[in-house]
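**Q** My questions will all concern the structure given below.
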Amino acid sequence: MNYKDLIIIGGGPSGLCAAKTALEAGISVLIIERSPHVGGQLIKQTHKFFGSKDQYAKTRGYDIATKLHKDIENLENLEILTDTTVVGLYEDHVVTVLHKDQYLRYQAGSIIVATGASEKFLAFENNDLPGIYGAGATQTLMNVYGVLPGKEVVMVGSGNIGLIVSYQLMQAGVKVKAIVEAAPTIGGYKVHASKMTRLGVPILTSTTVKKAIGTNELEAVEIVSLDKNWKEIENTSRILKIDALCISVGLTPMHQLLSMINAKMMFVSELGGFVPVIHENHQTSIPSVFVCGDAVGIEEASSAMMEGYLTGLYVGKYLNRLHPDYENLVKHYESQLSLLRDGPFGVKTKVGLTKLKEGSSHA
Ligand SMILES: Cc1cc2nc3c(=O)[nH]c(=O)nc-3n(C[C@H](O)[C@H](O)[C@H](O)COP(=O)(O)OP(=O)(O)OC[C@H]3O[C@@H](n4cnc5c(N)ncnc54)[C@H](O)[C@@H]3O)c2cc1C
């Protein structure tokens with residue numbers, strides 16, 4: 001069986017950043033990534049990021065992915081396996097993977113789970129008709145594979161992902177007929193919402209999808225208005241003819257591998273669903289297994305990167321291979337992370353993390 005000091009499951013921004021600080025501490029690292037490229041969600045993000053210079057503000061997502069990969073590719077003791085899916089994680093630090101139809105086993109001194117998140121879906125009549133997609137899947141189709149989901153689209157959800165993907169659909173020549181939002185207010189940044197409004201796309205708040213209409217594929221959608229108790233208001237039904245419906249109602253951490261090893265989990269709605277209970281050093285209830293990024297709570301790439309750098313450092317300490325600049329780097333990345341969470345969109349995360357911390361005292 002192949003042995004490494006550290007296996008990182010997932011080559012998104014958190015996994016790549018964790019690899020950097022761990023490699024700098026002299027640890028041998030294997031990154032396992034199920035996609036053909038590392039970079040995670042970033043490889044499909046064509047927009048320029050917000051934030052500060054430290055988190056690559058004003059840089060396009062896919063350029064950040066290239067930069068993070070370049071930061072580590074020449075470091076010693078790194079191996080990256082792409083097109084490889086981790087299908088099993090066991091308490092003796094063994095991971096089993098599927099790589100080009102081969103079933104392989106690896107063992108490590110420590111594991112970082114950096115598997116990111118998956119899209120949430122909505123329950124409504126006919127929600128399995130061809131033509132109904134997650135917004136993130138739509139972004140992958142368009143920006144990675146150059147395939148449009150349809151010609152006329154309705155987006156469900158006005159958070160940043162819904163707004164950004166709607167804008168990218170318009171840039172690609174798709175007509176976005178409306179963005180519908182069940183809440184009474186728009187969820188995402190005003191700057192993204194204003195762009196859509198300027199392009200003439202109505203953002204219909206207190207509105208939801210009642211049913212999808214079509215025989216073999218999506219042909220139209222029925223939307224209805226909601227009252228302040230989120231109940232349908234009678235006689236508000238409208239039918240919009242479309243050939244694609246994009247659902248952007250949030251993300252949920254990919255915790256399955258952690259559940260497989262019986263890591264202690266908690267449901268924290270502010271963090272997106274079930275998340276592993278962690279100690280301050282991102283260690284789960286299984287001491288050799290650490291977690292970072294969206295897998296431990298939905299935030300942004302900027303915070304995923306900071307958590308990644310920190311987790312790589314913490315694993316170094318756990319394996320008795322302290323990074324030469326450990327104290328300074330921990331202080332630096334922790335302060336970056338708390339600055340990121342001090343903004344208005346960090347309030348929910350902080351509430352969630354407090355709940356998780358309370359859970360960790362019983363882990
Ligand atoms: C449409 C959209 C727009 C966004 N815009 C912004 C923005 O403007 N600014 C910002 O800061 N953030 C933005 N984000 C959020 C950001 O992309 C994520 O928070 C960030 O990518 C999380 O990083 P991560 O490394 O935790 O997970 P991911 O980027 O999701 O990476 C996880 C990786 O793990 C791999 N993986 C999962 N399971 C396995 C397995 N079993 N075996 C092997 N590999 C596996 C996946 O293939 C993936 O590559 C946006 C997200 C989306 C969807």
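By order of appearance in the structure tokens: chains A, B, ..., then residues from 1 within every chain, and ligands from 1 in the order shown.
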As a PyMOL selection string, please: every residue in range 12-143 of chain A that a backbone DSSP assignment puts in helix (DSSP H, G or I).

**A** chain A and resi 13-24+40-44+53-55+61-73+135-143

**Q** Among range 223-334 of chain A, which ones does DSSP assign to strand (DSSP E) (computed from the backbone)? Answer as a list of chain:residue names.

**A**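 Going through range 223-334 of chain A, the strand (DSSP E) residues come out as A:Ile223, A:Val224, A:Ser225, A:Arg238, A:Ile239, A:Leu240, A:Lys241, A:Ala244, A:Leu245, A:Cys246, A:Ile247, A:Leu251, A:Thr252, A:Pro253, A:Met265, A:Met266, A:Phe267, A:Val268, A:Gly273, A:Phe274, A:Val275, A:Pro276, A:Val289, A:Phe290, A:Val291.
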
**Q** Grab the residues selected above and save them as a short mmCIF file (atom, residue, chain, number, x, y, z; two decimals), in the first residue's frame with C-alpha atoms.

**A**
```
data_model
loop_
_atom_site.label_atom_id
_atom_site.label_comp_id
_atom_site.auth_asym_id
_atom_site.auth_seq_id
_atom_site.Cartn_x
_atom_site.Cartn_y
_atom_site.Cartn_z
CA ILE A 223 -44.46 30.65 -10.31
CA VAL A 224 -46.56 32.01 -7.44
CA SER A 225 -46.30 34.85 -4.92
CA ARG A 238 -47.93 32.98 -13.67
CA ILE A 239 -46.59 30.69 -16.39
CA LEU A 240 -43.21 31.52 -17.94
CA LYS A 241 -42.18 29.66 -21.10
CA ALA A 244 -34.06 25.67 -18.63
CA LEU A 245 -34.60 26.26 -14.93
CA CYS A 246 -31.63 26.86 -12.65
CA ILE A 247 -31.88 26.21 -8.93
CA LEU A 251 -24.94 24.59 -0.80
CA THR A 252 -24.44 21.86 1.76
CA PRO A 253 -21.08 20.54 3.04
CA MET A 265 -21.30 15.45 13.25
CA MET A 266 -23.71 18.27 14.08
CA PHE A 267 -26.54 19.91 12.16
CA VAL A 268 -25.78 23.63 11.98
CA GLY A 273 -26.33 21.43 7.12
CA PHE A 274 -24.43 18.54 8.72
CA VAL A 275 -20.85 19.47 9.54
CA PRO A 276 -18.13 17.70 11.49
CA VAL A 289 -8.49 13.52 10.46
CA PHE A 290 -8.76 17.25 9.79
CA VAL A 291 -11.22 19.23 7.69
#
```

**Q** Find the distance between atom 46 (C, counted along the ligand's line) of ligand 1 and CA of Gly359 in chain A and write it in Å to one decimal.

**A** 26.9 Å

**Q** Do you know which residues are at most 9 Å from Ile27 in chain A counting only C-alpha atoms, after dropping those on the same chain fewer than 2 positions away, and could you put them as a list in words?

**A**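 In the requested format, the answer is Lys4, Asp5, Leu6, Ala19, Ala22, Leu23, Glu24, Ala25, Val29, Asn77, Leu78, Gly316, Leu319 and Arg321 of chain A.
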
**Q** When the cut-off is 6 Å and you count only C-alpha atoms and all ligand atoms, which residues lie near ligand 1, shown as an NGL selection string?

**A** :A and (9-15 or 32-35 or 38-42 or 49 or 84-87 or 114-117 or 136 or 161 or 165 or 293-295 or 299-302 or 304)

**Q** Output C-alpha atoms of each residue in that selection to a file, as an mmCIF file, in the first residue's frame.

**A**
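Dumped to part_37.cif:
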```cif
data_model
loop_
_atom_site.group_PDB
_atom_site.id
_atom_site.type_symbol
_atom_site.label_atom_id
_atom_site.label_comp_id
_atom_site.auth_asym_id
_atom_site.auth_seq_id
_atom_site.Cartn_x
_atom_site.Cartn_y
_atom_site.Cartn_z
ATOM 1 C CA ILE A 9 -9.038 14.717 -0.304
ATOM 2 C CA GLY A 10 -10.112 17.468 -2.716
ATOM 3 C CA GLY A 11 -7.934 19.835 -4.750
ATOM 4 C CA GLY A 12 -10.068 22.971 -4.392
ATOM 5 C CA PRO A 13 -8.711 26.212 -2.907
ATOM 6 C CA SER A 14 -8.770 24.871 0.666
ATOM 7 C CA GLY A 15 -6.985 21.626 -0.271
ATOM 8 C CA ILE A 32 -6.583 13.324 -4.562
ATOM 9 C CA GLU A 33 -9.004 15.135 -6.867
ATOM 10 C CA ARG A 34 -11.921 13.588 -8.696
ATOM 11 C CA SER A 35 -11.963 16.162 -11.530
ATOM 12 C CA VAL A 38 -7.327 20.933 -9.477
ATOM 13 C CA GLY A 39 -8.935 24.247 -8.462
ATOM 14 C CA GLY A 40 -12.366 23.078 -7.284
ATOM 15 C CA GLN A 41 -15.164 25.568 -7.842
ATOM 16 C CA LEU A 42 -12.645 28.198 -8.924
ATOM 17 C CA PHE A 49 -13.302 38.228 -6.920
ATOM 18 C CA THR A 84 -9.492 10.014 -8.969
ATOM 19 C CA THR A 85 -12.399 9.755 -6.545
ATOM 20 C CA VAL A 86 -12.023 8.811 -2.903
ATOM 21 C CA VAL A 87 -14.755 6.266 -2.239
ATOM 22 C CA ALA A 114 -11.393 19.251 1.742
ATOM 23 C CA THR A 115 -14.251 17.955 -0.374
ATOM 24 C CA GLY A 116 -16.214 21.224 -0.612
ATOM 25 C CA ALA A 117 -19.983 21.296 -0.988
ATOM 26 C CA GLY A 136 -23.362 25.543 -10.074
ATOM 27 C CA ILE A 161 -24.371 32.377 -6.907
ATOM 28 C CA VAL A 165 -24.617 32.697 -12.812
ATOM 29 C CA GLY A 293 -13.122 24.832 3.503
ATOM 30 C CA ASP A 294 -16.748 24.411 2.498
ATOM 31 C CA ALA A 295 -16.716 20.838 3.878
ATOM 32 C CA GLU A 299 -18.368 30.310 3.132
ATOM 33 C CA GLU A 300 -16.291 31.674 0.254
ATOM 34 C CA ALA A 301 -13.103 30.810 -1.580
ATOM 35 C CA SER A 302 -11.297 33.546 0.351
ATOM 36 C CA ALA A 304 -11.524 28.430 2.287
#
```

**Q** Could you list, as a PyMOL selection string, every residue within 10 Å of Trp230 in chain A, counting only C-alpha atoms and ignoring same-chain residues fewer than 3 positions away?

**A** chain A and resi 182-184+206-208+225-227+233

**Q** Excluding Gly188 in chain A and its own-chain neighbours fewer than 5 positions away, which residues fall within 8 Å of it when counting only C-alpha atoms? Please give them as JSON, numbers by chain.

**A** {"A": [158, 159, 160, 161, 163, 193]}

**Q** Have a look at CA of Gln168 in chain A and CA of Glu125 in chain A and let me know their distance in Å, one decimal.

**A**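 Calculated distance between CA of Gln168 in chain A and CA of Glu125 in chain A is 27.5 Å.
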
**Q** So that I can see what lies close to Arg60 in chain A, please list as a compact mmCIF listing (two decimals) with all heavy atoms, in the first residue's frame the residues with an atom at most 10 Å from it, counting only C-alpha atoms and leaving out residues fewer than 6 positions away in the same chain.

**A**
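Done, and the output landed in selection05.txt:
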```txt
# COMPACT_ATOMS: atom_id res chain seq x y z
N LEU A 42 -13.26 27.02 -8.31
CA LEU A 42 -12.64 28.20 -8.92
C LEU A 42 -12.49 28.06 -10.43
O LEU A 42 -12.51 29.06 -11.14
CB LEU A 42 -11.26 28.45 -8.31
CG LEU A 42 -11.20 28.86 -6.85
CD1 LEU A 42 -9.76 29.04 -6.40
CD2 LEU A 42 -11.97 30.15 -6.64
N ILE A 43 -12.35 26.83 -10.93
CA ILE A 43 -12.03 26.70 -12.36
C ILE A 43 -13.18 27.15 -13.26
O ILE A 43 -13.00 27.39 -14.43
CB ILE A 43 -11.58 25.28 -12.76
CG1 ILE A 43 -12.69 24.26 -12.55
CG2 ILE A 43 -10.31 24.86 -12.05
CD1 ILE A 43 -12.45 22.98 -13.32
N LYS A 44 -14.39 27.28 -12.68
CA LYS A 44 -15.51 27.72 -13.53
C LYS A 44 -15.90 29.16 -13.26
O LYS A 44 -16.85 29.67 -13.83
CB LYS A 44 -16.69 26.79 -13.29
CG LYS A 44 -17.19 26.79 -11.88
CD LYS A 44 -18.21 25.69 -11.69
CE LYS A 44 -18.80 25.78 -10.30
NZ LYS A 44 -19.69 24.69 -9.99
N GLN A 45 -15.17 29.81 -12.36
CA GLN A 45 -15.55 31.18 -11.98
C GLN A 45 -14.80 32.20 -12.82
O GLN A 45 -13.62 32.43 -12.62
CB GLN A 45 -15.37 31.37 -10.48
CG GLN A 45 -16.42 30.56 -9.72
CD GLN A 45 -16.15 30.45 -8.24
OE1 GLN A 45 -15.34 31.18 -7.70
NE2 GLN A 45 -16.84 29.52 -7.60
N THR A 46 -15.53 32.76 -13.79
CA THR A 46 -14.91 33.68 -14.73
C THR A 46 -14.95 35.12 -14.23
O THR A 46 -14.37 36.01 -14.84
CB THR A 46 -15.63 33.61 -16.10
OG1 THR A 46 -17.03 33.77 -15.86
CG2 THR A 46 -15.41 32.27 -16.77
N HIS A 47 -15.67 35.35 -13.12
CA HIS A 47 -15.78 36.72 -12.61
C HIS A 47 -14.61 37.06 -11.71
O HIS A 47 -13.92 36.18 -11.20
CB HIS A 47 -17.09 36.89 -11.84
CG HIS A 47 -17.22 35.98 -10.65
ND1 HIS A 47 -17.47 34.63 -10.77
CD2 HIS A 47 -17.10 36.21 -9.32
CE1 HIS A 47 -17.52 34.08 -9.57
NE2 HIS A 47 -17.29 35.02 -8.67
N LYS A 48 -14.41 38.39 -11.54
CA LYS A 48 -13.33 38.84 -10.66
C LYS A 48 -13.80 38.83 -9.21
O LYS A 48 -14.92 39.25 -8.93
CB LYS A 48 -12.90 40.26 -11.06
CG LYS A 48 -12.21 40.29 -12.41
CD LYS A 48 -11.74 41.68 -12.75
CE LYS A 48 -11.08 41.66 -14.10
NZ LYS A 48 -10.77 42.99 -14.61
N PHE A 49 -12.92 38.38 -8.33
CA PHE A 49 -13.30 38.23 -6.92
C PHE A 49 -13.26 39.55 -6.17
O PHE A 49 -12.50 40.44 -6.50
CB PHE A 49 -12.37 37.21 -6.25
CG PHE A 49 -12.83 35.80 -6.42
CD1 PHE A 49 -13.38 35.37 -7.62
CD2 PHE A 49 -12.75 34.89 -5.38
CE1 PHE A 49 -13.83 34.07 -7.77
CE2 PHE A 49 -13.19 33.59 -5.53
CZ PHE A 49 -13.73 33.19 -6.72
N PHE A 50 -14.09 39.63 -5.13
CA PHE A 50 -14.04 40.76 -4.19
C PHE A 50 -13.00 40.47 -3.11
O PHE A 50 -12.32 39.47 -3.15
CB PHE A 50 -15.39 40.93 -3.49
CG PHE A 50 -16.47 41.43 -4.37
CD1 PHE A 50 -17.79 41.09 -4.12
CD2 PHE A 50 -16.20 42.25 -5.45
CE1 PHE A 50 -18.80 41.55 -4.92
CE2 PHE A 50 -17.20 42.73 -6.25
CZ PHE A 50 -18.52 42.36 -5.99
```

**Q** So, with only C-alpha atoms as the atoms that count, which of A:Glu358, A:Glu280, A:Glu152, A:Glu232 lies closest to Ala178 in chain A?

**A**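 Looking at the shortest contact to Ala178 in chain A, the residue is A:Glu152.
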
**Q** Contacts of Leu89 in chain A at 9 Å or less, counting only C-alpha atoms, minus same-chain residues fewer than 2 places along, as a list in words?

**A**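 Residues meeting the cut-off are Val86, Val87, Glu91, Asp92, His93, Val94, Val95, Thr96, Leu257, Leu258, Met260 and Ile261 of chain A.
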
**Q** When distances are computed from only C-alpha atoms, which of A:Val277, A:Leu356, A:Leu337, A:Leu322 shows the smallest separation from Ser303 in chain A?

**A**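 Ranking A:Val277, A:Leu356, A:Leu337, A:Leu322 by distance to Ser303 in chain A, first place goes to A:Leu337.
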